[in-house]
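Data block below; observations after.
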Amino acid sequence: MKSINNAKIKTWSIIIGSAVLLLFFIFSHKFLDYSNNYAQLIFSERGVLMNATLAADDQWRFSPTLDVPEKLEKAILTFEDKRFYHHPGVDPIAVARALWLNVRYMRKVSGASTLTMQLARLGRKKAPRSIGEKLLEMLIALRLELRYTKKEILGLWAARAPYGSNVVGFEAASWRYFGRSPDQLSWAEASLLAVLPNSPALIFPGRNQSRLEKKRNSLLEKLYEETIIDSLTWQLALDEPLPDRFYSMPRALPHLAQHIERLEGKRSSNRYVVSIDPLLQKRLAHLAARYQQQYARQMVRNIAIIVAETRTGKVLGYIGNAGDTKTPGVQVDVIQSLRSTGSLLKPFLYAGALSEGFIAPDELIKDLPVNYSGYSPKNYSNEYFGAVPASEALSRSLNVPMVRLLRRFGVDRFHRRLKEIGMTSLNKSSTHYGLSLILGGADATLFNLTGMYAGLGRLLIEYPRLSGRYNENNYHKLSFSSSKNDERVYDEPPLTAGAVWYTLEAMRKLERPVGEGRWQQFSSSRRLAWKTGTSYGFRDAWAIGLDPEYTVGVWVGNADGEARDGLVGVLKAGPVLFDAFRLLPAAETWFPVPWDDMKSTEICKLSGMPAGDYCSKTRQMHIPHRSLRTGKCRYCRPVMLSEDLKERYFVQCAPDNIVDTTWFVLPPGMEWFYQRRHSRYNPLPPLSGACRKTGQDHNPIAFVYPHSGAKLVIPYDLSGKQQEVVFQAVHRYANSILFWYLDDRFITKTSNYHQIGITPEKGWHTLLVEDTKGFRKTLRFKIEEKNATRRSVQK
């Protein structure tokens with residue numbers, strides 16, 4: 001009875017033991033602990049390693065690629081495991097040989113570890129070196145062979161093998177010891193990497209060179225003996241010197257590396273493939289470094305450049321910040337930093353106004369002094385032109401006409417349009433930004449703005465293909481891959497094709513007022529739409545340009561926001577922009593004209609508006625469909641003149657010998673400034689004395705500054721003394737005398753040049769001016785308490 005019980009116990013013990021052994025075998029890989037803390041790697045689309053950053057534990061550990069180059073594979077197998085492709089993870093021949101040699105010499109002479117067993121040991125970091133552990137490694141090796149292919153096992157081992165110092169894996173070792181990728185290694189270099197994991201703590205480049213060379217040469221001899229390499233290759237490999245230092249890892253994209261996970265999504269392998277062109281990146285780095293050294297002498301220390309394909313939005317070049325490690329602020333990625341936009345949003349306002357039918361492309365718009373509740377924008381030159389074509393206001397980047405246009409268009413409407421075309425940094429309400437939105441009152445990144453400009457070009461490129469419709473994804477952010485967004489076609493875009501085309505045409509003619517400077521070195525043969533910007537206080541200089549192939553964005557300044565006189569977009573960022581375009585192939589064609597969004601109409605040459613009945617000088621022009629909503633020209637009107645054209649009449653007071661004609665007449669305020677810039681402008685002749693009694697003449701008086709309803713703050717000088725508020729009026733006819741009254745109290749009179757300075761009390765006031773003919777003009781304004789200086793912005 002006792003023997004039967006013993007037999008059952010043995011049977012169950014065998015069954016349970018076998019089950020435990022089977023379960024252990026199945027789940028043995030769970031006993032492995034491989035670090036998944038990998039160095040961050042950024043590759044180009046062609047496989048060039050462009051940037052590498054240490055893993056969090058300060059190791060150069062690359063994630064496994066499972067792709068070992070042929071030379072390295074043959075060298076590793078010859079040195080480590082000749083029968084790798086023929087054993088199941090444990091090599092019986094190697095085990096028998098190791099037992100025989102170790103027993104014979106009574107010490108450890110030879111090991112029997114296969115590459116698979118070594119891979120198991122690499123996952124058992126703190127395990128002791130014992131016979132039991134060796135048996136466990138064998139069991140795990142058998143399990144690994146069932147789980148992975150031979151190629152995968154080889155790749156996993158090579159990626160996790162120690163290579164001395166803080167270098168882990170053949171890929172990291174190739175870059176650290178030879179400065180290039182593993183597929184470019186010679187036989188000598190591959191052999192060196194094959195022998196290094198055998199004793200990495202004792203032998204690695206720069207330490208025990210003679211022993212290392214002896215081991216490498218021994219392997220090369222084996223490769224020759226086994227006819228893997230020929231005699232000439234063997235001899236040449238023996239003569240190759242050993243590396244005696246570490247190479248620096250590639251650092252071509254240090255700033256992009258800071259944001260790559262957010263921009264492209266987290267990768268478990270920490271490997272990223274980006275669209276950056278390595279050659280272009282290198283050239284841009286040299287260009288940025290040259291300008292950075294030049295500008296640093298003027299205490300302007302930082303430069304950022306980004307280059308993207310216009311059609312796809314793929315980023316081809318990324319200089320987040322130029323300078324060496326000693327350059328202040330060089331660690332800041334300016335491309336991703338929020339900065340004041342300056343004038344860079346003006347093209348989008350012009351395009352928006354055209355798209356909604358607020359203006360015609362060349363329509364005259366006001367350029368007069370203005371004050372909106374204490375906000376008084378000024379043109380960069382501190383000059384006013386009375387009236388300028390809208391396209392010229394953009395190409396000359398005039399501030400006042402653009403602020404007036406924004407007020408007419410609506411801040412809220414413009415705010416929505418900007419968000420629709422991808423300005424993601426507008427995280428506050430439109431009332432928060434107000435009219436300063438057009439002059440740098442909002443912040444954006446160079447990455448975001450360059451993408452918005454590229455979207456303008458992409459819309460025109462795509463428009464003909466979509467038969468006059470629009471792709472909702474025309475305005476997408478820049479990317480680092482070739483992936484294509486889903487196409488969603490619609491009819492009501494935030495900006496129409498015709499409006500965008502005229503916007504880019506105006507940007508091609510970009511000019512600057514006298515004193516700001518021009519970039520004249522750029523060849524006029526290359527067509528380019530570009531825009532510059534300068535933030536308030538000279539803290540940011542911008543330039544963004546595009547053609548059908550490329551869009552380039554440039555920022556120049558100090559990353560810490562330090563202002564610097566002369567830090568102006570056209571002077572500092574403009575030259576960098578054009579030199580960057582010189583590194584790029586010129587586009588063979590320009591953007592196609594979107595004829596489906598254009599309508600041929602007769603335009604008044606003088607006002608730029610659709611011609612009215614009294615426009616004598618016209619031209620035929622294709623303009624965006626919606627520009628017809630602006631209405632017909634309101635500045636050309638019929639007049640009756642004397643034969644000598646010196647006096648004007650009305651019907652009821654005209655003599656028989658009169659001349660019926662038309663005249664281009666601007667309102668007095670616009671006219672006063674306009675005629676000083678346009679010598680061919682003829683003011684309307686004065687009304688004949690016989691007709692003055694009719695009282696039908698248009699009022700020849702206008703206030704230039706401020707406008708009615710303005711809220712003003714009396715300025716104070718540095719000593720705290722109250723200054724005067726300046727009021728200016730104009731009269732259509734020269735040498736006219738104006739009498740000034742404040743709240744019905746006579747103040748003074750002026751002739752020809754009508755400007756006064758007064759210091760009214762707090763509250764609402766009425767200012768009246770009157771001429772000797774009885775024409776008068778009144779202005780209501782309010783004086784507010786002295787407050788903090790309002791922020792002003794410049795171009």
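Residues are named by chain letter and number: chains run A, B, ... in the order of the structure tokens, numbers start at 1 in each chain, and ligands are numbered from 1 in the order shown.
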
Enumerate as a ChimeraX atom specification all residues of stretch 182-362 of chain A assigned to helix (DSSP H, G or I) by DSSP on the backbone, naming them with the chain letters and numbers the document uses. /A:182-184,187-198,209-225,231-239,254-264,278-296,334-336,346-355

What's the 12 Å shell around A:Ser436, counting only C-alpha atoms, without same-chain residues fewer than 4 positions away, as number ranges by chain? A: 340-343, 345-346, 372, 374-378, 399-400, 402-404, 406-407, 411, 414-415, 430-432, 440-443, 535-536, 790-795

With C-alpha atoms retained, write the just-selected residues as a short mmCIF file (atom, residue, chain, number, x, y, z; two decimals), in the first residue's frame.
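File result_8.cif, as written:
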```cif
data_model
loop_
_atom_site.label_atom_id
_atom_site.label_comp_id
_atom_site.auth_asym_id
_atom_site.auth_seq_id
_atom_site.Cartn_x
_atom_site.Cartn_y
_atom_site.Cartn_z
CA SER A 340 4.26 90.10 -31.22
CA THR A 341 3.23 89.81 -34.88
CA GLY A 342 3.97 93.40 -35.93
CA SER A 343 2.47 93.97 -39.39
CA LEU A 345 -1.43 90.12 -40.27
CA LYS A 346 -2.05 92.97 -42.74
CA TYR A 372 -9.97 105.74 -31.24
CA GLY A 374 -7.02 107.18 -26.87
CA TYR A 375 -5.49 104.77 -29.40
CA SER A 376 -3.67 106.83 -32.05
CA PRO A 377 -1.85 104.64 -34.59
CA LYS A 378 0.76 106.30 -36.78
CA ASN A 399 -0.49 101.52 -40.39
CA VAL A 400 -3.25 104.13 -40.31
CA MET A 402 -5.01 99.42 -42.17
CA VAL A 403 -6.36 100.36 -38.73
CA ARG A 404 -9.17 102.29 -40.42
CA LEU A 406 -9.98 96.97 -39.67
CA ARG A 407 -12.46 99.23 -37.89
CA VAL A 411 -12.38 93.34 -35.24
CA PHE A 414 -11.25 89.60 -38.53
CA HIS A 415 -10.64 87.70 -35.31
CA SER A 430 -11.66 90.08 -30.05
CA THR A 431 -12.39 92.93 -27.63
CA HIS A 432 -9.21 92.09 -25.73
CA GLY A 440 1.06 93.49 -33.35
CA GLY A 441 -1.48 93.50 -30.53
CA ALA A 442 -1.59 89.69 -30.67
CA ASP A 443 1.19 87.13 -30.37
CA SER A 535 6.89 94.74 -33.15
CA TYR A 536 6.35 97.60 -30.75
CA ARG A 790 -1.50 103.23 -23.93
CA ARG A 791 0.40 100.67 -25.88
CA SER A 792 1.17 101.75 -29.42
CA VAL A 793 2.47 99.47 -32.11
CA GLN A 794 4.68 100.01 -35.06
CA LYS A 795 5.15 98.31 -38.32
#
```

Mind checking which residues fall within 10 Å of A:Thr312, counting only C-alpha atoms, ignoring those fewer than 5 positions away in the same chain, and posting them as a list in words?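 Surrounding residues, per the criterion: Ala454, Gly455, Arg458, Asn474, His476, Lys477, Leu478, Ser479, Ser481, Ser482, Ser483, Lys484, Asn485, Glu549 and Tyr550 of chain A.
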
Any idea what's packed within 9 Å of A:Arg61, counting only C-alpha atoms, ignoring anything in its chain fewer than 3 positions away? Could you give it as a list of chain:residue names? A:Ser35, A:Asn36, A:Asn37, A:Tyr38, A:Ala39, A:Leu54, A:Ala55, A:Asp58, A:Ala159, A:Arg160, A:Asn166, A:Val167, A:Val168, A:Gly169, A:Glu171, A:Ala172

Taking N, CA, C and O atoms for each residue, export the selection above as a PDB file, in the first residue's frame.
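Produced file out_33.pdb, reproduced below:
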```
ATOM      1  N   SER A  35      15.627  47.633 -20.728  1.00  0.00           N
ATOM      2  CA  SER A  35      15.294  49.049 -20.593  1.00  0.00           C
ATOM      3  C   SER A  35      14.650  49.556 -21.877  1.00  0.00           C
ATOM      4  O   SER A  35      15.113  49.282 -22.978  1.00  0.00           O
ATOM      5  N   ASN A  36      13.535  50.259 -21.729  1.00  0.00           N
ATOM      6  CA  ASN A  36      12.918  50.911 -22.880  1.00  0.00           C
ATOM      7  C   ASN A  36      13.115  52.426 -22.815  1.00  0.00           C
ATOM      8  O   ASN A  36      12.358  53.205 -23.369  1.00  0.00           O
ATOM      9  N   ASN A  37      14.160  52.809 -22.094  1.00  0.00           N
ATOM     10  CA  ASN A  37      14.530  54.215 -21.972  1.00  0.00           C
ATOM     11  C   ASN A  37      15.523  54.530 -23.098  1.00  0.00           C
ATOM     12  O   ASN A  37      16.717  54.307 -22.961  1.00  0.00           O
ATOM     13  N   TYR A  38      15.014  55.034 -24.204  1.00  0.00           N
ATOM     14  CA  TYR A  38      15.835  55.186 -25.401  1.00  0.00           C
ATOM     15  C   TYR A  38      16.214  56.640 -25.661  1.00  0.00           C
ATOM     16  O   TYR A  38      15.488  57.572 -25.291  1.00  0.00           O
ATOM     17  N   ALA A  39      17.344  56.809 -26.310  1.00  0.00           N
ATOM     18  CA  ALA A  39      17.750  58.128 -26.774  1.00  0.00           C
ATOM     19  C   ALA A  39      16.760  58.612 -27.832  1.00  0.00           C
ATOM     20  O   ALA A  39      16.223  57.806 -28.598  1.00  0.00           O
ATOM     21  N   LEU A  54      20.579  62.183 -25.541  1.00  0.00           N
ATOM     22  CA  LEU A  54      20.765  61.117 -24.554  1.00  0.00           C
ATOM     23  C   LEU A  54      19.444  60.647 -23.953  1.00  0.00           C
ATOM     24  O   LEU A  54      18.509  61.430 -23.795  1.00  0.00           O
ATOM     25  N   ALA A  55      19.411  59.354 -23.627  1.00  0.00           N
ATOM     26  CA  ALA A  55      18.263  58.822 -22.895  1.00  0.00           C
ATOM     27  C   ALA A  55      18.233  59.436 -21.500  1.00  0.00           C
ATOM     28  O   ALA A  55      19.209  60.036 -21.039  1.00  0.00           O
ATOM     29  N   ASP A  58      21.078  58.950 -19.207  1.00  0.00           N
ATOM     30  CA  ASP A  58      22.374  59.378 -19.738  1.00  0.00           C
ATOM     31  C   ASP A  58      23.105  58.285 -20.502  1.00  0.00           C
ATOM     32  O   ASP A  58      24.343  58.250 -20.535  1.00  0.00           O
ATOM     33  N   ALA A 159      21.315  45.430 -30.660  1.00  0.00           N
ATOM     34  CA  ALA A 159      20.833  46.719 -30.179  1.00  0.00           C
ATOM     35  C   ALA A 159      21.015  46.881 -28.681  1.00  0.00           C
ATOM     36  O   ALA A 159      20.970  48.015 -28.174  1.00  0.00           O
ATOM     37  N   ARG A 160      21.211  45.753 -27.960  1.00  0.00           N
ATOM     38  CA  ARG A 160      21.294  45.831 -26.509  1.00  0.00           C
ATOM     39  C   ARG A 160      22.661  45.442 -25.959  1.00  0.00           C
ATOM     40  O   ARG A 160      22.877  45.480 -24.753  1.00  0.00           O
ATOM     41  N   ASN A 166      29.103  54.747 -21.925  1.00  0.00           N
ATOM     42  CA  ASN A 166      27.638  54.802 -21.831  1.00  0.00           C
ATOM     43  C   ASN A 166      26.989  54.485 -23.174  1.00  0.00           C
ATOM     44  O   ASN A 166      25.893  54.961 -23.476  1.00  0.00           O
ATOM     45  N   VAL A 167      27.677  53.667 -23.970  1.00  0.00           N
ATOM     46  CA  VAL A 167      27.206  53.328 -25.306  1.00  0.00           C
ATOM     47  C   VAL A 167      26.582  51.937 -25.285  1.00  0.00           C
ATOM     48  O   VAL A 167      27.226  50.958 -24.883  1.00  0.00           O
ATOM     49  N   VAL A 168      25.343  51.828 -25.730  1.00  0.00           N
ATOM     50  CA  VAL A 168      24.617  50.558 -25.758  1.00  0.00           C
ATOM     51  C   VAL A 168      24.115  50.328 -27.183  1.00  0.00           C
ATOM     52  O   VAL A 168      23.432  51.177 -27.759  1.00  0.00           O
ATOM     53  N   GLY A 169      24.447  49.165 -27.756  1.00  0.00           N
ATOM     54  CA  GLY A 169      23.932  48.813 -29.068  1.00  0.00           C
ATOM     55  C   GLY A 169      24.843  49.238 -30.207  1.00  0.00           C
ATOM     56  O   GLY A 169      25.558  50.229 -30.133  1.00  0.00           O
ATOM     57  N   GLU A 171      24.178  50.442 -33.166  1.00  0.00           N
ATOM     58  CA  GLU A 171      23.880  51.678 -33.892  1.00  0.00           C
ATOM     59  C   GLU A 171      24.491  52.877 -33.174  1.00  0.00           C
ATOM     60  O   GLU A 171      25.130  53.742 -33.797  1.00  0.00           O
ATOM     61  N   ALA A 172      24.300  52.938 -31.870  1.00  0.00           N
ATOM     62  CA  ALA A 172      24.900  54.020 -31.095  1.00  0.00           C
ATOM     63  C   ALA A 172      26.422  53.945 -31.152  1.00  0.00           C
ATOM     64  O   ALA A 172      27.110  54.963 -31.272  1.00  0.00           O
TER      65      ALA A 172
END
```

Which of these residues is nearest to A:Tyr716, using only C-alpha atoms: A:Asn302, A:Thr759, A:Asn217, A:Tyr614?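 Among the listed residues, A:Thr759 lies closest to A:Tyr716.
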
For atom CA of A:Ala360 and atom CA of A:Leu606, the interatomic separation in Å (one decimal):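 If I compute the distance from atom CA of A:Ala360 to atom CA of A:Leu606, I get 12.8 Å.
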
Can you list, as a list of chain:residue names, every protein, DNA or RNA residue that comes within 9 Å of A:Ala559 when you count only C-alpha atoms, leaving out same-chain residues fewer than 4 positions away? A:Arg301, A:Asn302, A:Ile303, A:Asn321, A:Pro328, A:Gly329, A:Val330, A:Val332, A:Asp333, A:Val334, A:Ser337

Between A:Arg267, A:Lys632, A:Arg176, A:His255, which is the closest to A:Gly323 once you count only C-alpha atoms?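 Nearest candidate to A:Gly323 out of A:Arg267, A:Lys632, A:Arg176, A:His255: A:His255.
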
One residue among A:Ser607, A:Gln209, A:Gln118, A:Thr618 is nearest to A:Ile140 when using only C-alpha atoms, and that residue is A:Gln118

Quick one: of A:Asp579, A:Glu45, A:Asp412, A:Glu392, who's nearest to A:Lys314, counting only C-alpha atoms?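 The closest residue to A:Lys314 is A:Glu45.
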
Which of stretch 720-786 of chain A counts as strand (DSSP E) under DSSP, as a PyMOL selection string please? chain A and resi 725-731+737-742+745-751+754-758+763-771+776-784

Distance criterion (only C-alpha atoms): nearest to A:Gly533 out of A:Ser642, A:Ser268, A:Ser397, A:Thr503: A:Ser397

For atom CA of A:Pro401 and atom CA of A:Val388, the interatomic separation in Å (one decimal):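 Here the two named atoms are 8.0 Å from each other.
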
Tell me which protein, DNA and RNA residues are within 6 Å of A:Leu567, counting only C-alpha atoms, leaving out same-chain ones fewer than 3 positions away, and put them as a PyMOL selection string. chain A and resi 538+541+564

When distances are computed from only C-alpha atoms, which of A:Pro686, A:Pro494, A:Gly352, A:Gly553 shows the smallest separation from A:Val307?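 Answer, going by the shortest atom-to-atom distance: A:Gly553.
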
Would you pick out the contacts of A:Ser600 at 8 Å or less, using only C-alpha atoms, so that residues sharing its chain but fewer than 5 positions from it are not included, and give the list as a list in words?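 After dropping sequence-adjacent residues, the list is Gln620, Met621, His622 and Ile623 of chain A.
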
Just N, CA and C atoms for this one: save the residues we selected as a short mmCIF file (atom, residue, chain, number, x, y, z; two decimals), in the first residue's frame.
```cif
data_model
loop_
_atom_site.label_atom_id
_atom_site.label_comp_id
_atom_site.auth_asym_id
_atom_site.auth_seq_id
_atom_site.Cartn_x
_atom_site.Cartn_y
_atom_site.Cartn_z
N GLN A 620 -10.22 98.58 -68.13
CA GLN A 620 -10.88 97.28 -67.94
C GLN A 620 -9.99 96.42 -67.04
N MET A 621 -10.57 95.79 -66.05
CA MET A 621 -9.77 95.07 -65.06
C MET A 621 -10.57 93.90 -64.50
N HIS A 622 -9.90 92.78 -64.29
CA HIS A 622 -10.51 91.64 -63.61
C HIS A 622 -10.34 91.82 -62.11
N ILE A 623 -11.43 91.83 -61.38
CA ILE A 623 -11.38 91.97 -59.93
C ILE A 623 -12.21 90.86 -59.30
#
```

So what do you get for atom CA of A:Pro361 versus atom CA of A:Lys605, distance-wise? 12.0 Å
